[in-house]
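J.: Got a structure for you, written out below as C-alpha cells; questions coming shortly.
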Amino acid sequence: MSPYRHIALPRLLWLLSALPLAPTAMAQATPEAPALLESEKTAQPEEKAQLQETDMEKAARLLQEGRQMYAQDNMFEAMPLLQEAAELGLPEAQGFWGFVLQKGGTTDAALEMYRKGADGGDAFAKLQLAGFLLRGDFLPKDVEQGFAMVNECIAKEYAPAMVVLGNIQAEGQFGIAKDEVKALELLERAAELNDINALTRLHLIYRDGLLGQAADPVKAAAYAEKSSQLQAIKGNSP
C-alpha cells in the first residue's frame with residue numbers, strides 16, 4: 001500500500017479544478033495551411049509540442065496531469081510530473097511539490113519549494129509556511145508573521161486560510177480571543193467557495209449544535225452531502 005494513501009494536512013485542519021464542434025455543411029472552404037518550416041518538417045512529435053508550448057504552459061499541463069495522478073493515489077507516476085512542473089518555475093506546482101516532499105519527510109527541500117511558491121504568489125504554499133510559523137514547526141515560531149500570512153491568503157479569497165483562521169478563532173488559540181461568531185462567518189464563507197474542510201466542519205457544527213448554534217439536521221445533511229460530492233471529485237489531493 002502506498003505510504004501516501006491517507007495524507008492529511010497538519011493539525012488545526014491544515015488538511016491540511018468542450019467537446020469539439022462537429023463539422024457542418026456550411027464549412028466548405030478552408031484556408032490553405034501555411035507551409036511548414038524546415039525545422040518543423042524534421043521535428044519529432046515531442047519536439048513539435050515543445051515548439052508550441054511555453055515553459056509555463058508545459059508546467060501547467062504537467063501540474064494538471066500530476067494532480068490527477070495524485071488524486072488517484074498513483075504517486076509514482078505523479079511525482080516526476082509534479083517535480084518537473086515545479087522546476088519549470090510554476091508557483092502552484094512548487095507549492096504542491098513542496099507538500100509531496102514534506103509528506104515524504106524531505107523537510108528542507110519542502111521548505112525551499114514552499115518559499116519559492118509563496119514568493120510567486122501561491123496561496124497554498126504561503127498558508128503552509130504560515131502554519132509552520134504559528135506552531136513553530138520546521139521554522140522558528142513567529143505568531144505575528146504567521147497570522148499576517150494567513151490574512152494575506154484570506155484577502156485573496158483562499159478558502160483554506162479562512163478555515164484555518166475560523167478554527168483558531170473557534171478555539172481561541174495562538175493569543176487570539178475566542179470568537180464563535182467570526183469563526184462561523186469564516187467557515188460559511190469558505191463553504192461558499194466549496195472548501196471540503198469547511199463543509200465537513202459545518203456539518204458537525206449543525207449536527208451537534210456547536211459554536212452557539214442550535215442543532216439543525218437539515219443543514220447538517222446538506223453540508224455533508226455537498227462535502228461528499230466534492231470529495232468524490234477531488235480525491236486525496238490537497
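Numbering starts fresh at 1 for the residues of each chain in the C-alpha cells, the chains themselves are lettered A, B, ... in the order given, and ligands are numbered from 1 as they appear.
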Find the residues around segment 78-82 of chain A up to 9 Å (only C-alpha atoms counted), leave out those fewer than 6 positions away in its own chain, and share them as a ChimeraX atom specification.

T.: /A:59,62-70,93-94,96-97,100

J.: Give me, as a list in words, all polymer residues having an atom no more than 12 Å from Ala177 of chain A, counting only C-alpha atoms and skipping those fewer than 4 positions away in the same chain.

T.: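 These residues fall inside the cut-off: Leu165, Gly166, Asn167, Ile168, Gln169, Ala170, Glu171, Gly172, Gln173, Val181, Lys182 and Ala183 of chain A.
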
J.: Go ahead and save the residues from that selection, with C-alpha atoms, as a PDB file, in the first residue's frame.

T.:
ATOM      1  CA  LEU A 165      -8.440  31.193  10.961  1.00  0.00           C
ATOM      2  CA  GLY A 166     -12.013  30.093  11.654  1.00  0.00           C
ATOM      3  CA  ASN A 167     -10.811  27.077  13.611  1.00  0.00           C
ATOM      4  CA  ILE A 168      -8.305  29.183  15.527  1.00  0.00           C
ATOM      5  CA  GLN A 169     -10.988  31.696  16.475  1.00  0.00           C
ATOM      6  CA  ALA A 170     -13.408  28.914  17.417  1.00  0.00           C
ATOM      7  CA  GLU A 171     -10.892  27.636  19.970  1.00  0.00           C
ATOM      8  CA  GLY A 172      -9.147  30.884  20.902  1.00  0.00           C
ATOM      9  CA  GLN A 173      -5.588  29.802  20.086  1.00  0.00           C
ATOM     10  CA  VAL A 181     -19.423  34.348  15.595  1.00  0.00           C
ATOM     11  CA  LYS A 182     -16.397  35.262  13.486  1.00  0.00           C
ATOM     12  CA  ALA A 183     -15.369  31.617  13.333  1.00  0.00           C
TER      13      ALA A 183
END

J.: Which polymer residues have any atom within 9 Å of an atom of Met113 of chain A, counting only C-alpha atoms, with same-chain residues fewer than 2 positions away left out, as a PDB file with all heavy atoms, in the first residue's frame?

T.:
ATOM      1  N   ALA A  86       7.360  21.952 -11.074  1.00  0.00           N
ATOM      2  CA  ALA A  86       7.940  22.853 -10.077  1.00  0.00           C
ATOM      3  C   ALA A  86       9.268  23.424 -10.563  1.00  0.00           C
ATOM      4  O   ALA A  86       9.557  24.621 -10.388  1.00  0.00           O
ATOM      5  CB  ALA A  86       8.129  22.118  -8.758  1.00  0.00           C
ATOM      6  N   PRO A  91       4.558  28.618  -9.695  1.00  0.00           N
ATOM      7  CA  PRO A  91       4.370  28.707  -8.236  1.00  0.00           C
ATOM      8  C   PRO A  91       3.405  27.662  -7.681  1.00  0.00           C
ATOM      9  O   PRO A  91       3.662  27.083  -6.629  1.00  0.00           O
ATOM     10  CB  PRO A  91       3.832  30.136  -8.033  1.00  0.00           C
ATOM     11  CG  PRO A  91       4.388  30.900  -9.188  1.00  0.00           C
ATOM     12  CD  PRO A  91       4.372  29.943 -10.341  1.00  0.00           C
ATOM     13  N   ALA A  93       2.768  24.745  -8.816  1.00  0.00           N
ATOM     14  CA  ALA A  93       3.441  23.442  -8.832  1.00  0.00           C
ATOM     15  C   ALA A  93       4.483  23.355  -7.727  1.00  0.00           C
ATOM     16  O   ALA A  93       4.679  22.304  -7.111  1.00  0.00           O
ATOM     17  CB  ALA A  93       4.095  23.211 -10.194  1.00  0.00           C
ATOM     18  N   GLN A  94       5.160  24.464  -7.448  1.00  0.00           N
ATOM     19  CA  GLN A  94       6.150  24.479  -6.373  1.00  0.00           C
ATOM     20  C   GLN A  94       5.492  24.230  -5.025  1.00  0.00           C
ATOM     21  O   GLN A  94       6.027  23.482  -4.189  1.00  0.00           O
ATOM     22  CB  GLN A  94       6.888  25.820  -6.386  1.00  0.00           C
ATOM     23  CG  GLN A  94       7.793  25.971  -7.597  1.00  0.00           C
ATOM     24  CD  GLN A  94       8.297  27.379  -7.804  1.00  0.00           C
ATOM     25  OE1 GLN A  94       7.684  28.351  -7.361  1.00  0.00           O
ATOM     26  NE2 GLN A  94       9.429  27.518  -8.482  1.00  0.00           N
ATOM     27  N   GLY A  95       4.313  24.829  -4.812  1.00  0.00           N
ATOM     28  CA  GLY A  95       3.597  24.583  -3.570  1.00  0.00           C
ATOM     29  C   GLY A  95       3.168  23.133  -3.437  1.00  0.00           C
ATOM     30  O   GLY A  95       3.324  22.521  -2.382  1.00  0.00           O
ATOM     31  N   PHE A  96       2.646  22.578  -4.514  1.00  0.00           N
ATOM     32  CA  PHE A  96       2.180  21.184  -4.483  1.00  0.00           C
ATOM     33  C   PHE A  96       3.358  20.232  -4.304  1.00  0.00           C
ATOM     34  O   PHE A  96       3.293  19.273  -3.524  1.00  0.00           O
ATOM     35  CB  PHE A  96       1.442  20.863  -5.787  1.00  0.00           C
ATOM     36  CG  PHE A  96       0.508  19.695  -5.694  1.00  0.00           C
ATOM     37  CD1 PHE A  96      -0.848  19.870  -5.799  1.00  0.00           C
ATOM     38  CD2 PHE A  96       0.992  18.408  -5.489  1.00  0.00           C
ATOM     39  CE1 PHE A  96      -1.723  18.785  -5.708  1.00  0.00           C
ATOM     40  CE2 PHE A  96       0.136  17.321  -5.393  1.00  0.00           C
ATOM     41  CZ  PHE A  96      -1.227  17.518  -5.500  1.00  0.00           C
ATOM     42  N   TRP A  97       4.452  20.477  -5.028  1.00  0.00           N
ATOM     43  CA  TRP A  97       5.623  19.618  -4.905  1.00  0.00           C
ATOM     44  C   TRP A  97       6.215  19.718  -3.498  1.00  0.00           C
ATOM     45  O   TRP A  97       6.690  18.735  -2.924  1.00  0.00           O
ATOM     46  CB  TRP A  97       6.645  19.975  -5.959  1.00  0.00           C
ATOM     47  CG  TRP A  97       7.891  19.145  -5.958  1.00  0.00           C
ATOM     48  CD1 TRP A  97       9.185  19.595  -5.896  1.00  0.00           C
ATOM     49  CD2 TRP A  97       7.993  17.716  -6.036  1.00  0.00           C
ATOM     50  NE1 TRP A  97      10.068  18.548  -5.930  1.00  0.00           N
ATOM     51  CE2 TRP A  97       9.361  17.373  -6.017  1.00  0.00           C
ATOM     52  CE3 TRP A  97       7.047  16.694  -6.114  1.00  0.00           C
ATOM     53  CZ2 TRP A  97       9.820  16.059  -6.063  1.00  0.00           C
ATOM     54  CZ3 TRP A  97       7.500  15.376  -6.168  1.00  0.00           C
ATOM     55  CH2 TRP A  97       8.859  15.070  -6.142  1.00  0.00           C
ATOM     56  N   GLY A  98       6.174  20.898  -2.915  1.00  0.00           N
ATOM     57  CA  GLY A  98       6.619  21.064  -1.537  1.00  0.00           C
ATOM     58  C   GLY A  98       5.808  20.207  -0.584  1.00  0.00           C
ATOM     59  O   GLY A  98       6.351  19.588   0.344  1.00  0.00           O
ATOM     60  N   PHE A  99       4.503  20.136  -0.812  1.00  0.00           N
ATOM     61  CA  PHE A  99       3.623  19.305   0.009  1.00  0.00           C
ATOM     62  C   PHE A  99       4.021  17.836  -0.091  1.00  0.00           C
ATOM     63  O   PHE A  99       4.089  17.121   0.912  1.00  0.00           O
ATOM     64  CB  PHE A  99       2.181  19.513  -0.445  1.00  0.00           C
ATOM     65  CG  PHE A  99       1.182  18.634   0.254  1.00  0.00           C
ATOM     66  CD1 PHE A  99       0.761  18.922   1.534  1.00  0.00           C
ATOM     67  CD2 PHE A  99       0.656  17.524  -0.382  1.00  0.00           C
ATOM     68  CE1 PHE A  99      -0.169  18.119   2.177  1.00  0.00           C
ATOM     69  CE2 PHE A  99      -0.273  16.710   0.247  1.00  0.00           C
ATOM     70  CZ  PHE A  99      -0.682  17.014   1.535  1.00  0.00           C
ATOM     71  N   LEU A 101       6.941  16.618  -0.946  1.00  0.00           N
ATOM     72  CA  LEU A 101       8.237  16.444  -0.293  1.00  0.00           C
ATOM     73  C   LEU A 101       8.090  16.418   1.228  1.00  0.00           C
ATOM     74  O   LEU A 101       8.735  15.622   1.918  1.00  0.00           O
ATOM     75  CB  LEU A 101       9.186  17.572  -0.704  1.00  0.00           C
ATOM     76  CG  LEU A 101       9.665  17.556  -2.161  1.00  0.00           C
ATOM     77  CD1 LEU A 101      10.412  18.851  -2.474  1.00  0.00           C
ATOM     78  CD2 LEU A 101      10.567  16.348  -2.427  1.00  0.00           C
ATOM     79  N   ASP A 108      13.661  20.047   4.397  1.00  0.00           N
ATOM     80  CA  ASP A 108      14.412  21.194   3.892  1.00  0.00           C
ATOM     81  C   ASP A 108      14.034  21.508   2.450  1.00  0.00           C
ATOM     82  O   ASP A 108      13.838  22.674   2.081  1.00  0.00           O
ATOM     83  CB  ASP A 108      15.918  20.947   4.006  1.00  0.00           C
ATOM     84  CG  ASP A 108      16.405  20.957   5.444  1.00  0.00           C
ATOM     85  OD1 ASP A 108      15.674  21.481   6.315  1.00  0.00           O
ATOM     86  OD2 ASP A 108      17.513  20.439   5.708  1.00  0.00           O
ATOM     87  N   ALA A 109      13.948  20.467   1.628  1.00  0.00           N
ATOM     88  CA  ALA A 109      13.559  20.675   0.230  1.00  0.00           C
ATOM     89  C   ALA A 109      12.122  21.179   0.144  1.00  0.00           C
ATOM     90  O   ALA A 109      11.791  22.010  -0.716  1.00  0.00           O
ATOM     91  CB  ALA A 109      13.722  19.383  -0.559  1.00  0.00           C
ATOM     92  N   ALA A 110      11.255  20.687   1.039  1.00  0.00           N
ATOM     93  CA  ALA A 110       9.865  21.137   1.058  1.00  0.00           C
ATOM     94  C   ALA A 110       9.781  22.619   1.391  1.00  0.00           C
ATOM     95  O   ALA A 110       9.042  23.382   0.748  1.00  0.00           O
ATOM     96  CB  ALA A 110       9.063  20.323   2.067  1.00  0.00           C
ATOM     97  N   LEU A 111      10.540  23.057   2.390  1.00  0.00           N
ATOM     98  CA  LEU A 111      10.544  24.469   2.773  1.00  0.00           C
ATOM     99  C   LEU A 111      11.012  25.346   1.621  1.00  0.00           C
ATOM    100  O   LEU A 111      10.464  26.429   1.377  1.00  0.00           O
ATOM    101  CB  LEU A 111      11.439  24.688   3.991  1.00  0.00           C
ATOM    102  CG  LEU A 111      10.883  24.214   5.336  1.00  0.00           C
ATOM    103  CD1 LEU A 111      11.955  24.319   6.419  1.00  0.00           C
ATOM    104  CD2 LEU A 111       9.659  25.032   5.734  1.00  0.00           C
ATOM    105  N   ARG A 115       8.729  28.222  -0.062  1.00  0.00           N
ATOM    106  CA  ARG A 115       9.180  29.615  -0.141  1.00  0.00           C
ATOM    107  C   ARG A 115       9.103  30.131  -1.580  1.00  0.00           C
ATOM    108  O   ARG A 115       8.650  31.254  -1.831  1.00  0.00           O
ATOM    109  CB  ARG A 115      10.601  29.744   0.401  1.00  0.00           C
ATOM    110  CG  ARG A 115      10.719  29.583   1.917  1.00  0.00           C
ATOM    111  CD  ARG A 115      12.106  29.969   2.398  1.00  0.00           C
ATOM    112  NE  ARG A 115      12.238  29.837   3.844  1.00  0.00           N
ATOM    113  CZ  ARG A 115      12.871  28.836   4.452  1.00  0.00           C
ATOM    114  NH1 ARG A 115      13.420  27.864   3.726  1.00  0.00           N
ATOM    115  NH2 ARG A 115      12.949  28.790   5.761  1.00  0.00           N
ATOM    116  N   LYS A 116       9.556  29.303  -2.522  1.00  0.00           N
ATOM    117  CA  LYS A 116       9.505  29.714  -3.924  1.00  0.00           C
ATOM    118  C   LYS A 116       8.063  29.898  -4.375  1.00  0.00           C
ATOM    119  O   LYS A 116       7.724  30.869  -5.057  1.00  0.00           O
ATOM    120  CB  LYS A 116      10.204  28.676  -4.803  1.00  0.00           C
ATOM    121  CG  LYS A 116      11.722  28.675  -4.687  1.00  0.00           C
ATOM    122  CD  LYS A 116      12.347  27.635  -5.608  1.00  0.00           C
ATOM    123  CE  LYS A 116      13.869  27.675  -5.529  1.00  0.00           C
ATOM    124  NZ  LYS A 116      14.490  26.651  -6.420  1.00  0.00           N
ATOM    125  N   GLY A 117       7.203  28.952  -4.002  1.00  0.00           N
ATOM    126  CA  GLY A 117       5.799  29.060  -4.383  1.00  0.00           C
ATOM    127  C   GLY A 117       5.140  30.283  -3.772  1.00  0.00           C
ATOM    128  O   GLY A 117       4.396  31.007  -4.446  1.00  0.00           O
ATOM    129  N   ALA A 118       5.402  30.528  -2.488  1.00  0.00           N
ATOM    130  CA  ALA A 118       4.813  31.680  -1.800  1.00  0.00           C
ATOM    131  C   ALA A 118       5.306  32.985  -2.407  1.00  0.00           C
ATOM    132  O   ALA A 118       4.525  33.922  -2.620  1.00  0.00           O
ATOM    133  CB  ALA A 118       5.142  31.627  -0.311  1.00  0.00           C
ATOM    134  N   ALA A 125       1.120  27.433  -0.750  1.00  0.00           N
ATOM    135  CA  ALA A 125       2.470  27.435  -0.197  1.00  0.00           C
ATOM    136  C   ALA A 125       2.588  28.433   0.952  1.00  0.00           C
ATOM    137  O   ALA A 125       3.198  28.146   1.983  1.00  0.00           O
ATOM    138  CB  ALA A 125       3.484  27.768  -1.292  1.00  0.00           C
TER     139      ALA A 125
END

J.: Would you list the contacts of Met162 of chain A as a count of residues only, taking every protein, DNA or RNA residue within 10 Å and counting only C-alpha atoms, but skipping same-chain residues closer than 4 positions in sequence?

T.: 20
